[in-house]
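Printed here is run23.cif (mmCIF, C-alpha atoms):
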```cif
data_my_file
#
loop_
_atom_site.label_atom_id
_atom_site.label_comp_id
_atom_site.auth_asym_id
_atom_site.auth_seq_id
_atom_site.Cartn_x
_atom_site.Cartn_y
_atom_site.Cartn_z
CA MET A 15 0.00 0.00 0.00
CA THR A 16 1.33 3.41 -0.91
CA LYS A 17 0.94 5.96 1.81
CA PRO A 18 0.82 9.57 0.62
CA GLU A 19 3.48 11.75 2.18
CA LEU A 20 2.51 14.32 4.80
CA HIS A 21 2.02 17.82 3.54
CA ASN A 22 2.65 20.92 5.54
CA GLU A 23 0.26 23.76 6.17
CA ARG A 24 -1.43 25.02 2.97
CA VAL A 25 -0.73 28.70 2.51
CA LEU A 26 -2.36 31.05 0.02
CA ALA A 27 -0.40 34.22 -0.66
CA ILE A 28 -1.96 37.12 -2.53
CA HIS A 29 -0.32 40.11 -4.14
CA PRO A 30 -2.68 42.70 -5.66
CA VAL A 31 -2.04 44.31 -9.03
CA SER A 32 -3.87 47.14 -10.77
CA ARG A 33 -6.74 45.03 -12.15
CA GLY A 34 -6.64 41.88 -10.03
CA PHE A 35 -4.18 39.83 -8.02
CA GLY A 36 -1.38 37.33 -8.28
CA PHE A 37 -1.53 34.25 -6.11
CA ALA A 38 0.54 31.28 -5.02
CA VAL A 39 -0.56 28.22 -3.05
CA LEU A 40 2.17 26.33 -1.22
CA GLU A 41 2.19 23.28 1.01
CA GLY A 42 5.53 23.81 2.63
CA PRO A 43 8.53 25.61 1.19
CA GLU A 44 9.20 22.96 -1.45
CA ASP A 45 5.71 22.30 -2.72
CA LEU A 46 4.09 24.81 -5.05
CA ILE A 47 0.53 23.64 -5.60
CA ASP A 48 -0.95 26.42 -7.69
CA TYR A 49 -0.05 29.85 -8.98
CA GLY A 50 -1.30 32.44 -11.39
CA VAL A 51 -2.56 35.94 -11.98
CA THR A 52 -6.24 36.81 -12.00
CA GLN A 53 -7.07 39.94 -13.93
CA LEU A 54 -10.35 41.58 -14.85
CA LYS A 55 -10.84 43.58 -18.03
CA GLN A 56 -12.59 46.24 -16.02
CA TYR A 57 -11.64 46.35 -12.40
CA ASP A 58 -14.42 45.69 -9.93
CA GLN A 59 -13.51 44.85 -6.35
CA GLU A 60 -16.59 42.68 -5.79
CA ARG A 61 -15.83 40.51 -8.82
CA CYS A 62 -12.22 40.34 -7.80
CA LEU A 63 -13.23 39.10 -4.35
CA ALA A 64 -15.61 36.59 -5.92
CA ARG A 65 -12.69 35.18 -7.93
CA LEU A 66 -10.64 34.98 -4.76
CA ALA A 67 -13.50 33.26 -2.93
CA ASN A 68 -13.59 30.65 -5.72
CA LEU A 69 -9.88 30.14 -5.40
CA MET A 70 -10.17 29.74 -1.65
CA ALA A 71 -12.97 27.21 -2.06
CA ARG A 72 -10.81 25.20 -4.44
CA CYS A 73 -7.55 25.19 -2.53
CA GLU A 74 -8.92 25.33 1.05
CA PRO A 75 -6.00 27.23 2.56
CA SER A 76 -5.31 27.18 6.28
CA LEU A 77 -3.56 30.52 6.11
CA LEU A 78 -3.88 33.54 3.87
CA ILE A 79 -0.94 35.89 3.59
CA THR A 80 -0.99 39.36 2.15
CA GLU A 81 1.04 42.48 2.47
CA ASP A 82 0.12 44.64 5.46
CA PRO A 83 -2.49 47.13 4.14
CA LYS A 84 -1.34 49.73 6.66
CA GLN A 85 2.28 49.60 5.56
CA SER A 86 1.80 48.92 1.87
CA ARG A 87 3.19 51.41 -0.63
CA GLN A 88 0.79 50.26 -3.33
CA SER A 89 -2.04 52.26 -4.88
CA ALA A 90 -5.19 53.14 -2.94
CA ARG A 91 -7.13 50.59 -5.00
CA ALA A 92 -4.68 47.81 -4.09
CA ILE A 93 -4.76 48.80 -0.42
CA ALA A 94 -8.57 48.74 -0.47
CA LEU A 95 -8.40 45.27 -2.03
CA LEU A 96 -5.93 44.10 0.63
CA THR A 97 -8.29 45.29 3.35
CA ALA A 98 -11.24 43.57 1.68
CA ILE A 99 -9.23 40.36 1.30
CA ARG A 100 -8.47 40.42 4.99
CA GLU A 101 -12.17 40.79 5.79
CA LEU A 102 -13.04 37.99 3.36
CA ALA A 103 -10.52 35.68 5.05
CA LEU A 104 -11.87 36.49 8.49
CA GLY A 105 -15.43 35.95 7.24
CA LYS A 106 -14.49 32.53 5.90
CA LYS A 107 -12.64 31.70 9.13
CA VAL A 108 -9.33 31.37 7.35
CA ARG A 109 -6.36 32.56 9.36
CA TRP A 110 -4.97 35.78 7.91
CA GLN A 111 -1.46 37.01 8.39
CA ARG A 112 0.28 40.08 7.13
CA SER A 113 3.66 39.47 5.64
CA ARG A 114 6.90 40.40 7.24
CA LYS A 115 9.36 42.33 5.16
CA GLN A 116 9.26 40.73 1.74
CA GLY A 117 12.13 38.83 0.24
CA ARG A 118 14.03 37.95 3.40
CA SER A 119 13.78 34.19 2.97
CA SER A 120 17.09 32.36 3.25
CA ARG A 121 17.15 31.54 -0.45
CA SER A 122 16.78 35.09 -1.70
CA ARG A 123 19.01 36.69 0.91
CA HIS A 124 21.52 37.86 -1.68
CA ALA A 125 18.90 38.98 -4.19
CA GLN A 126 18.50 42.72 -4.09
CA THR A 127 16.02 43.65 -6.79
CA LYS A 128 12.55 42.30 -7.43
CA HIS A 129 13.77 40.64 -10.64
CA GLN A 130 16.67 38.95 -8.85
CA LYS A 131 14.25 37.60 -6.26
CA ALA A 132 11.97 36.33 -9.04
CA VAL A 133 14.96 34.55 -10.61
CA VAL A 134 15.74 32.83 -7.29
CA ILE A 135 12.09 31.76 -6.99
CA SER A 136 12.03 30.40 -10.54
CA GLU A 137 15.17 28.38 -9.72
CA THR A 138 13.41 26.96 -6.66
CA PHE A 139 10.28 26.15 -8.65
CA PRO A 140 11.34 25.36 -12.25
CA GLU A 141 7.70 25.31 -13.41
CA LEU A 142 7.72 29.10 -12.92
CA ALA A 143 10.76 29.63 -15.15
CA SER A 144 8.65 29.94 -18.30
CA ARG A 145 6.56 32.64 -16.58
CA LEU A 146 9.50 34.79 -15.59
CA PRO A 147 9.26 38.14 -17.39
CA SER A 148 12.38 39.68 -18.84
CA LYS A 149 14.09 42.33 -16.78
CA ARG A 150 12.07 45.52 -16.74
CA LYS A 151 13.55 48.54 -18.51
CA PRO A 152 13.33 51.84 -16.64
CA TRP A 153 10.76 53.18 -19.11
CA GLU A 154 8.54 50.07 -18.93
CA SER A 155 5.79 49.37 -16.45
CA GLU A 156 5.97 46.21 -14.39
CA ASP A 157 4.77 42.97 -15.93
CA VAL A 158 1.67 41.64 -14.14
CA ARG A 159 3.30 38.20 -13.89
CA MET A 160 5.61 39.63 -11.26
CA ALA A 161 2.61 39.53 -8.90
CA MET A 162 2.82 35.73 -8.98
CA PHE A 163 6.47 35.85 -7.93
CA ALA A 164 5.70 38.45 -5.27
CA ALA A 165 2.99 36.14 -3.87
CA CYS A 166 5.46 33.23 -3.89
CA ALA A 167 7.97 35.40 -2.04
CA LEU A 168 5.37 36.20 0.63
CA ALA A 169 4.69 32.50 1.21
CA LEU A 170 8.37 31.53 1.19
CA THR A 171 9.16 34.29 3.67
CA TYR A 172 6.44 32.93 5.94
CA PHE A 173 7.88 29.41 5.74
CA SER A 174 11.42 30.63 6.35
CA HIS A 175 10.24 32.39 9.52
CA THR A 176 8.20 29.46 10.80
CA GLY A 177 10.99 26.99 10.03
CA MET B 8 1.76 20.44 10.87
CA SER B 9 -0.54 18.03 9.09
CA ARG B 10 -3.51 19.38 7.19
CA ARG B 11 -6.45 18.03 5.22
CA LYS B 12 -5.18 17.28 1.77
CA LEU B 13 -6.72 18.37 -1.50
CA LYS B 14 -8.79 15.73 -3.25
CA ASN B 15 -6.21 15.52 -5.98
CA TYR B 16 -2.97 17.16 -7.02
CA LEU B 17 -3.39 16.71 -10.77
CA ARG B 18 -3.15 20.44 -11.51
CA SER B 19 0.17 20.97 -9.74
CA HIS B 20 1.72 17.85 -11.28
CA ARG B 21 0.47 18.74 -14.76
CA ARG B 22 1.87 22.25 -14.52
CA ARG B 23 5.16 20.91 -13.17
CA LEU B 24 5.45 18.86 -16.36
CA GLY B 25 4.45 21.89 -18.42
CA LEU B 26 1.50 20.14 -20.06
CA SER B 27 -1.70 21.91 -21.08
CA GLN B 28 -5.08 20.43 -20.17
CA ASP B 29 -5.66 19.43 -23.81
CA GLU B 30 -2.29 17.69 -23.99
CA LEU B 31 -2.96 15.74 -20.80
CA ALA B 32 -6.44 14.88 -22.11
CA TYR B 33 -4.80 13.42 -25.22
CA LEU B 34 -2.36 11.37 -23.11
CA VAL B 35 -5.04 9.90 -20.85
CA ARG B 36 -7.51 9.45 -23.74
CA ALA B 37 -10.03 11.88 -22.23
CA SER B 38 -12.50 13.56 -24.57
CA SER B 39 -11.14 17.09 -24.12
CA GLY B 40 -9.23 19.44 -21.86
CA SER B 41 -12.44 20.45 -20.12
CA LYS B 42 -12.62 16.93 -18.70
CA ILE B 43 -9.21 17.48 -17.11
CA SER B 44 -10.41 20.85 -15.83
CA ASN B 45 -13.34 19.08 -14.17
CA TYR B 46 -10.97 16.62 -12.48
CA GLU B 47 -8.66 19.41 -11.33
CA ASN B 48 -11.52 21.42 -9.87
CA PHE B 49 -12.92 18.34 -8.10
CA ARG B 50 -16.17 18.48 -10.09
CA CYS B 51 -15.96 14.81 -11.08
CA MET B 52 -13.76 11.81 -10.50
CA PRO B 53 -11.61 10.22 -13.19
CA THR B 54 -12.05 6.59 -14.15
CA LEU B 55 -9.61 3.99 -12.89
CA GLU B 56 -8.07 3.89 -16.38
CA THR B 57 -7.44 7.66 -16.29
CA ALA B 58 -6.08 7.52 -12.73
CA LEU B 59 -3.61 4.79 -13.70
CA ALA B 60 -2.60 6.74 -16.80
CA CYS B 61 -1.93 9.75 -14.55
CA GLU B 62 0.23 7.57 -12.30
CA LEU B 63 2.30 6.56 -15.32
CA ILE B 64 2.57 10.10 -16.70
CA PHE B 65 3.46 11.85 -13.46
CA GLN B 66 5.45 8.93 -12.01
CA LYS B 67 3.63 9.33 -8.70
CA PRO B 68 1.49 6.69 -6.99
CA VAL B 69 -2.28 7.13 -7.32
CA GLY B 70 -2.48 7.46 -3.52
CA GLU B 71 -0.29 10.53 -3.73
CA LEU B 72 -1.97 12.07 -6.77
CA PHE B 73 -5.39 11.66 -5.17
CA ALA B 74 -4.18 12.22 -1.61
CA GLY B 75 -7.37 13.70 -0.16
CA LEU B 76 -9.54 11.02 -1.70
CA PHE B 77 -7.07 8.37 -0.49
CA ASP B 78 -7.35 9.66 3.08
CA GLN B 79 -11.12 9.75 2.86
CA ILE B 80 -11.28 6.15 1.62
CA GLU B 81 -8.70 5.01 4.19
CA SER B 82 -10.74 6.53 7.00
CA ARG B 83 -14.01 5.11 5.68
CA THR B 84 -12.55 1.62 5.18
CA GLY B 85 -11.03 1.67 8.68
CA GLU B 86 -14.42 2.52 10.15
CA ARG B 87 -16.06 -0.29 8.20
CA MET B 88 -13.37 -2.73 9.35
CA LYS B 89 -14.19 -1.92 12.95
CA ILE B 90 -17.89 -2.42 12.35
CA LEU B 91 -17.32 -5.70 10.53
CA ALA B 92 -14.97 -6.96 13.27
CA TYR B 93 -17.61 -6.09 15.86
CA LYS B 94 -20.37 -7.82 13.91
CA LEU B 95 -18.27 -10.96 13.39
CA SER B 96 -17.29 -11.13 17.07
CA ARG B 97 -20.96 -10.79 18.01
CA ALA B 98 -21.87 -13.62 15.66
CA ASP B 99 -19.35 -15.87 17.43
CA ALA B 100 -20.68 -15.04 20.90
CA GLY B 101 -22.21 -17.98 22.71
CA ARG B 102 -20.33 -20.55 20.66
CA PRO B 103 -17.66 -22.72 22.34
CA ASN B 104 -14.13 -21.37 22.05
CA GLY B 105 -12.17 -22.36 18.99
CA MET B 106 -10.67 -20.84 15.92
CA TYR B 107 -13.80 -20.25 13.94
CA ARG B 108 -13.80 -18.47 10.65
CA ASN B 109 -15.26 -15.28 12.13
CA GLU B 110 -12.71 -15.26 14.94
CA ARG B 111 -9.85 -15.64 12.48
CA ILE B 112 -11.10 -12.82 10.30
CA THR B 113 -11.68 -10.55 13.32
CA LEU B 114 -8.10 -11.14 14.46
CA LYS B 115 -6.78 -10.31 11.01
CA LEU B 116 -8.90 -7.17 10.81
CA GLU B 117 -7.79 -6.00 14.26
CA HIS B 118 -4.16 -6.27 13.27
CA HIS B 119 -4.64 -4.46 9.97
CA PRO B 120 -2.83 -1.08 9.77
CA ILE B 121 -5.98 0.74 8.67
CA TYR B 122 -7.91 -0.60 11.70
CA LYS B 123 -5.77 1.45 14.05
CA HIS B 124 -5.71 4.44 11.74
CA LYS B 125 -6.87 7.61 13.50
CA HIS B 126 -10.15 8.67 11.93
CA ASP B 127 -11.42 12.24 11.57
#
```

Structure translated into structure tokens:
Amino acid sequence: MTKPELHNERVLAIHPVSRGFGFAVLEGPEDLIDYGVTQLKQYDQERCLARLANLMARCEPSLLITEDPKQSRQSARAIALLTAIRELALGKKVRWQRSRKQGRSSRSRHAQTKHQKAVVISETFPELASRLPSKRKPWESEDVRMAMFAACALALTYFSHTG
Amino acid sequence: MSRRKLKNYLRSHRRRLGLSQDELAYLVRASSGSKISNYENFRCMPTLETALACELIFQKPVGELFAGLFDQIESRTGERMKILAYKLSRADAGRPNGMYRNERITLKLEHHPIYKHKHD
């Protein structure tokens, strides 16, 4: 009889972008279960939350991690979404935790920029390598796919702190 | 920390291999990618043939691919084993001691690893 191996806590990390959010679901620091970016053609917070609720129903996380809305340097819309996500998590009785300073996991200690951190993450999870955007030029806006890597970084930071 | 597992981990394994839903559907002889989507979103269960094909493709045992379902079945079977052992021991009550069929089966069931499995 084959016994399935024990999985760790299932963590859902969310990173908002201008018209949606990037997410990553991990069961321990080595096990990336799901990832992606959800974007709406026309931003609507309610619809965005409905998408997140669907995601939460599918992956049944035990913990939801987001950036701290009070300390975030993102746009007002993203901060409003972060606050609403927190309320959604509390309403669904899913533990919510704000992230500590992003990108301080042991693996990405030497990575300075967001792109360098994304490279480290794509080395940890090779399935993400094909999603890694090319390095942003100073005159370009950030690729939305970076939200996925930012969400991964949030979850990995959590695991590195909890051991 | 142990946690309730997802019913299946087809989506993560498929994406790890870099396959699309249509490509996996072709490999497992499913009608279309939407069938795979249904499996991944736990809307329906794959046939035994599909599950075994997935085991071959992902090189992971079925018990690991369908970890949540495996746990559910393990728990349910363990419960049923206990009930059956109880029923068999009751059927033997009142008879003179000896290694009857029921007694032998009850002993085997009680020593089965699933029997002592902690149920939810």

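Candidate residues A:Ser32, A:Lys107, A:Pro152, A:Phe37 were compared for distance to Lys55 in chain A, and the nearest is A:Ser32, using all atoms listed in the file.
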
For this session: May I have the residues within 6 Å of range 38-51 of chain A as an MDAnalysis selection string, using only C-alpha atoms and disregarding those fewer than 5 positions away in the same chain?
Result: (chainID A and resid 22:27 162 165:166 170 173) or (chainID B and resid 19)

For Leu59 in chain B, list every protein, DNA or RNA residue within 12 Å, evaluated using all atoms listed in the file, and leave out those in the same chain fewer than 4 positions away; present the list as a PDB file with C-alpha atoms, in the coordinates of the input.
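Produced file part.pdb, reproduced below:
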```pdb
ATOM      1  CA  LEU B  34      -2.360  11.370 -23.110  1.00  0.00           C
ATOM      2  CA  VAL B  35      -5.040   9.900 -20.850  1.00  0.00           C
ATOM      3  CA  ARG B  36      -7.510   9.450 -23.740  1.00  0.00           C
ATOM      4  CA  PRO B  53     -11.610  10.220 -13.190  1.00  0.00           C
ATOM      5  CA  THR B  54     -12.050   6.590 -14.150  1.00  0.00           C
ATOM      6  CA  LEU B  55      -9.610   3.990 -12.890  1.00  0.00           C
ATOM      7  CA  LEU B  63       2.300   6.560 -15.320  1.00  0.00           C
ATOM      8  CA  ILE B  64       2.570  10.100 -16.700  1.00  0.00           C
ATOM      9  CA  PHE B  65       3.460  11.850 -13.460  1.00  0.00           C
ATOM     10  CA  GLN B  66       5.450   8.930 -12.010  1.00  0.00           C
ATOM     11  CA  LYS B  67       3.630   9.330  -8.700  1.00  0.00           C
ATOM     12  CA  PRO B  68       1.490   6.690  -6.990  1.00  0.00           C
ATOM     13  CA  VAL B  69      -2.280   7.130  -7.320  1.00  0.00           C
ATOM     14  CA  GLY B  70      -2.480   7.460  -3.520  1.00  0.00           C
ATOM     15  CA  GLU B  71      -0.290  10.530  -3.730  1.00  0.00           C
ATOM     16  CA  LEU B  72      -1.970  12.070  -6.770  1.00  0.00           C
ATOM     17  CA  PHE B  73      -5.390  11.660  -5.170  1.00  0.00           C
TER      18      PHE B  73
END
```

Exercise. Just how far from CA of Asn109 in chain B is CA of Leu95 in chain B, in Å to one decimal?
Worked result: 5.4 Å

Exercise. For the atom pair CA of Phe139 in chain A and CA of Gly34 in chain A, what is the interatomic distance in Å to one decimal place?
Worked result: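 So the two atoms, CA of Phe139 in chain A and CA of Gly34 in chain A, lie 23.1 Å apart.
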
For this session: Identify all residues satisfying the PyMOL selection byres ((chain B) within 8 of (chain A)) in the given file; provide them as a ChimeraX atom specification.
Result: /B:8-10,12-13,16,18-19,22-25,48,68,70-71,74

Problem set entry | Interatomic distance (Å, one decimal) between CA of Leu78 in chain A and CA of Ala161 in chain A |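 Interatomic distance, CA of Leu78 in chain A to CA of Ala161 in chain A: 15.5 Å.
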
For this session: Can you give me, as a PyMOL selection string, the residues this file yields under the PyMOL selection byres ((chain B and resi 88) around 9)?
Result: chain B and resi 83-87+89-93+113+116-117+119+121-122

Residue contacts of Glu30 in chain B (10 Å, only C-alpha atoms) excluding same-chain residues fewer than 6 positions away, as a JSON list (two decimals) with C-alpha atoms, in the coordinates of the input:
```json
[["chain", "number", "residue", "atom", "x", "y", "z"],
["B", 21, "ARG", "CA", 0.47, 18.74, -14.76],
["B", 36, "ARG", "CA", -7.51, 9.45, -23.74],
["B", 37, "ALA", "CA", -10.03, 11.88, -22.23],
["B", 39, "SER", "CA", -11.14, 17.09, -24.12],
["B", 40, "GLY", "CA", -9.23, 19.44, -21.86],
["B", 43, "ILE", "CA", -9.21, 17.48, -17.11]]
```

For this session: For Glu101 in chain A, list every protein, DNA or RNA residue within 12 Å, evaluated using all atoms listed in the file, and leave out those in the same chain fewer than 4 positions away; present the list as JSON, numbers by chain.
Result: {"A": [63, 67, 78, 80, 83, 94, 95, 96, 97, 105, 106, 107, 108, 109, 110, 111]}

For this session: Would you kindly return, as JSON, numbers by chain, each protein, DNA or RNA residue with an atom no farther than 12 Å from any atom of range 87-93 of chain A, considering only C-alpha atoms and excluding same-chain residues fewer than 6 positions away?
Result: {"A": [28, 29, 30, 31, 32, 33, 34, 35, 36, 57, 58, 59, 62, 80, 81, 99, 100]}
